[in-house]
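Inspection log for the structure reproduced underneath, given as structure tokens.
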Amino acid sequence: MKPMGTIPPFFAASGDNLIIDGKAATQFIDIAGNTPLFVYDFSVVAKKIARLRAAMPAALGVHYAVKANPFAPLLQAIAPLVDGFDIASAGELAHVAGYAPGRPISFAGPGKRDAELSAALIAGTTLNCESEGEVTRTLHLAERHGVTPRLAVRVNPPFELRGSGMKMGGRASPFGVDADRVPALVRRLIAAGAEWRGFHVFAGSQSLDTAGIIETQAAALALAGALADAAGAAPPLVNLGGGFGVPYFAGDTEVDVEAVGSALGDAMTSLSPSLHATRFVLELGRWLVAECGVYLTRIVDIKQSRGEVFLITDGGLHHQLAASGNFGTVVRRNYPLAVANRMASAPLQVVSVVGCLCTPLDRLGDQAALPPAQVGDVIAVFMAGAYGRTASPENFLGHPAAAELLAGTGQQS
């Protein structure tokens, strides 16, 4: 038997039924018409944002990283609760354009194509420039379109976020401009007539190391001050990135955001003079939405093979790649799972939950203890609100797409 992560505390059971936003999980399947299905409880997201706001310095802004989950009803519900959006493609720009009138949108990511740069320039989006070459192309395109470009510089910092699942600093990287080359680039784009928007410093993601996050934020503030001094220009805004992890697996402990906020508040009382008029934001995606999502998939067959029991479902890694262990994890571990219509039953059987794809990689649960199940029962995979459907190979083998529903807003989407 292999351990599973802990079901997020936002979900409960009533008798045999998993309850999401006051309804049995199976009721959402009736609404959608079928499985597989993602259900996102927005009330969870609202609670996370409220907790973050209460923990962080009052002047700190919060941006939502759209890549975590771009489901349109979710974006629409999140928009009034955040101060801006961070995007990674022109496609994401199109997603948020209708939900962010007057709200800041910033665009990060290497390899931005000319068409994407043009769309962002015309929309008035801040471009977080990843290289000197990108700045050159952007300035040329801005001149062609007759607009003043809004440019920030993404910094490849000389440090990494300790404990992060994906390290994005302290090494050679396609992300951002090496810190020692940043001041000259800032002076160049200002001289060219661009509207300089500041720095974007993103050192890593999915860290559960509270002390590591505190240390990285302090280092980012010091770096921003040093770069501003070297460039001879005060940054209007510094995006401190995010990196707050969530507890997917057994033994994981959540980030102490109250401790992070207290330390960040202390650090912001001793800023470099060049940052005294600067605004600061956090860019969070996974931490805001991961725990709100449940992936529901129905058991279509149960088989035994050489002493092992397999629950075979109508879903799989083509919708929920991360839960299969094939999205950024080195050692495969089990997300929290449940049989959504047998919540009151004891976990008496060790089973593997597998999907419908013709690959042994399609495994949503490996030797997990679950209640004895039957064909037709529903498996719930938790922590499915971030990097789910759109981060998975949905077209692989031509199986149907998963449906998505937004709950927790007072109306069904």
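Order determines the names: the first chain of the structure tokens is A, the second B, and so forth; residues in each chain are numbered 1 upward, and ligands are numbered 1 upward as they are shown.
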
*Per DSSP on the backbone, what are the helix (DSSP H, G or I) residues of segment 208-348 of chain A, as a ChimeraX atom specification?*
/A:210-231,257-270,273-275,286-292,322-324

Using only C-alpha atoms, please write the residues we just selected to a file, as a tab-separated table (two decimals), in the first residue's frame.
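The resulting file, result.tsv, is shown below:
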```
chain	number	residue	atom	x	y	z
A	210	THR	CA	8.16	28.75	4.37
A	211	ALA	CA	11.64	29.89	5.40
A	212	GLY	CA	12.83	29.49	1.82
A	213	ILE	CA	10.03	31.71	0.50
A	214	ILE	CA	10.80	34.37	3.12
A	215	GLU	CA	14.49	34.25	2.25
A	216	THR	CA	13.80	34.51	-1.49
A	217	GLN	CA	11.42	37.45	-1.12
A	218	ALA	CA	13.99	39.35	0.94
A	219	ALA	CA	16.63	38.60	-1.68
A	220	ALA	CA	14.30	39.76	-4.47
A	221	LEU	CA	13.67	43.08	-2.71
A	222	ALA	CA	17.40	43.62	-2.24
A	223	LEU	CA	18.09	42.69	-5.87
A	224	ALA	CA	15.38	45.05	-7.17
A	225	GLY	CA	16.91	47.90	-5.18
A	226	ALA	CA	20.41	47.18	-6.42
A	227	LEU	CA	19.28	46.95	-10.05
A	228	ALA	CA	17.30	50.18	-9.77
A	229	ASP	CA	20.35	51.95	-8.34
A	230	ALA	CA	22.58	50.57	-11.11
A	231	ALA	CA	20.08	51.55	-13.82
A	257	VAL	CA	1.39	32.43	4.64
A	258	GLU	CA	0.93	34.42	7.84
A	259	ALA	CA	4.64	34.03	8.62
A	260	VAL	CA	5.52	34.93	5.03
A	261	GLY	CA	3.36	38.04	5.16
A	262	SER	CA	4.80	39.17	8.48
A	263	ALA	CA	8.38	38.76	7.24
A	264	LEU	CA	7.61	40.50	3.96
A	265	GLY	CA	6.06	43.40	5.82
A	266	ASP	CA	9.20	43.72	7.94
A	267	ALA	CA	11.44	43.56	4.85
A	268	MET	CA	9.41	46.28	3.12
A	269	THR	CA	10.08	48.71	5.98
A	270	SER	CA	13.78	48.87	5.05
A	273	PRO	CA	15.43	54.54	-1.33
A	274	SER	CA	15.08	53.77	-5.04
A	275	LEU	CA	12.04	51.59	-4.21
A	286	ARG	CA	-1.56	27.20	-8.07
A	287	TRP	CA	-1.87	28.36	-4.45
A	288	LEU	CA	-5.13	30.14	-5.21
A	289	VAL	CA	-6.92	27.46	-7.23
A	290	ALA	CA	-5.39	23.98	-6.82
A	291	GLU	CA	-7.45	22.98	-3.81
A	292	CYS	CA	-10.77	24.13	-5.29
A	322	ALA	CA	-0.28	15.88	-12.90
A	323	ALA	CA	-2.10	13.27	-10.82
A	324	SER	CA	-0.49	10.53	-12.95
```

List every residue of segment 57-86 of chain A that has an atom at most 12 Å from any atom of segment 384-399 of chain A, and for each one report the closest atom pair and its distance in Å to one decimal, counting only C-alpha atoms, with rows sorted by chain and then by increasing residue number, as a tab-separated table.
```
residue	atom	partner	partner_atom	distance
A:Tyr64	CA	A:Ala386	CA	11.9
A:Ala65	CA	A:Ala386	CA	10.3
A:Val66	CA	A:Ala386	CA	9.8
A:Lys67	CA	A:Tyr387	CA	7.5
A:Ala68	CA	A:Ala386	CA	4.8
A:Asn69	CA	A:Ala386	CA	5.4
A:Pro70	CA	A:Thr390	CA	7.9
A:Phe71	CA	A:Thr390	CA	9.0
A:Leu74	CA	A:Gly385	CA	10.2
```

*Taking the backbone alone, and naming residues the way the document does, which bits of segment 235-413 of chain A are strand (DSSP E) by DSSP, as a PyMOL selection string?*
chain A and resi 237-239+279-284+293-305+308-313+337-339+349-354+363-370+378-381+403-407

*asked:* So that I can see what lies close to Glu254 of chain A, please list as a ChimeraX atom specification the residues with an atom at most 7 Å from it, counting only C-alpha atoms and leaving out residues fewer than 3 positions away in the same chain.
replied: /A:208,246-247

*Selected residue, from A:Pro158, A:Pro347, A:Gly355, A:Gly98, that lies nearest to Pro3 of chain A when counting only C-alpha atoms*: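 The closest residue to Pro3 of chain A is A:Pro347.
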
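Relative to atom CA of Gly241 of chain A, atom CA of Asp209 of chain A is found at 15.3 Å.
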
*asked:* Give me the residues near segment 133-149 of chain A as an NGL selection string, where near means some atom within 7 Å (using only C-alpha atoms) and where sequence neighbours in that chain fewer than 3 positions away do not count.
replied: :A and (117-118 or 121 or 129-130 or 194-195)

_Report as JSON, numbers by chain all protein, DNA and RNA residues lying within 6 Å of Ala88 of chain A, evaluated on only C-alpha atoms, omitting residues in the same chain fewer than 2 positions from it._
{"A": [107, 108, 109]}

_Residue contacts of Val182 of chain A (9 Å, only C-alpha atoms) excluding same-chain residues fewer than 2 positions away, as a ChimeraX atom specification_ = /A:153-155,177-180,184-187,227,230-231

*Of the candidates A:Thr253, A:Asn239, A:Asn326, A:Asn34, which one gets nearest to Arg363 of chain A if we count only C-alpha atoms?*
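Closest candidate: A:Asn326.
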
*Contacts of segment 13-21 of chain A at 9 Å or less, counting only C-alpha atoms, minus same-chain residues fewer than 5 places along, as a list of chain:residue names?*
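So, after excluding close chain neighbours, the residues are A:Thr26, A:Phe28, A:Val39, A:Tyr40, A:Asp41, A:Phe42, A:Ser43, A:Val294, A:Ala338, A:Val339, A:Ala340, A:Asn341, A:Arg342, A:Met343, A:Ala344, A:Ser345, A:Ala380, A:Ala407, A:Gly408.
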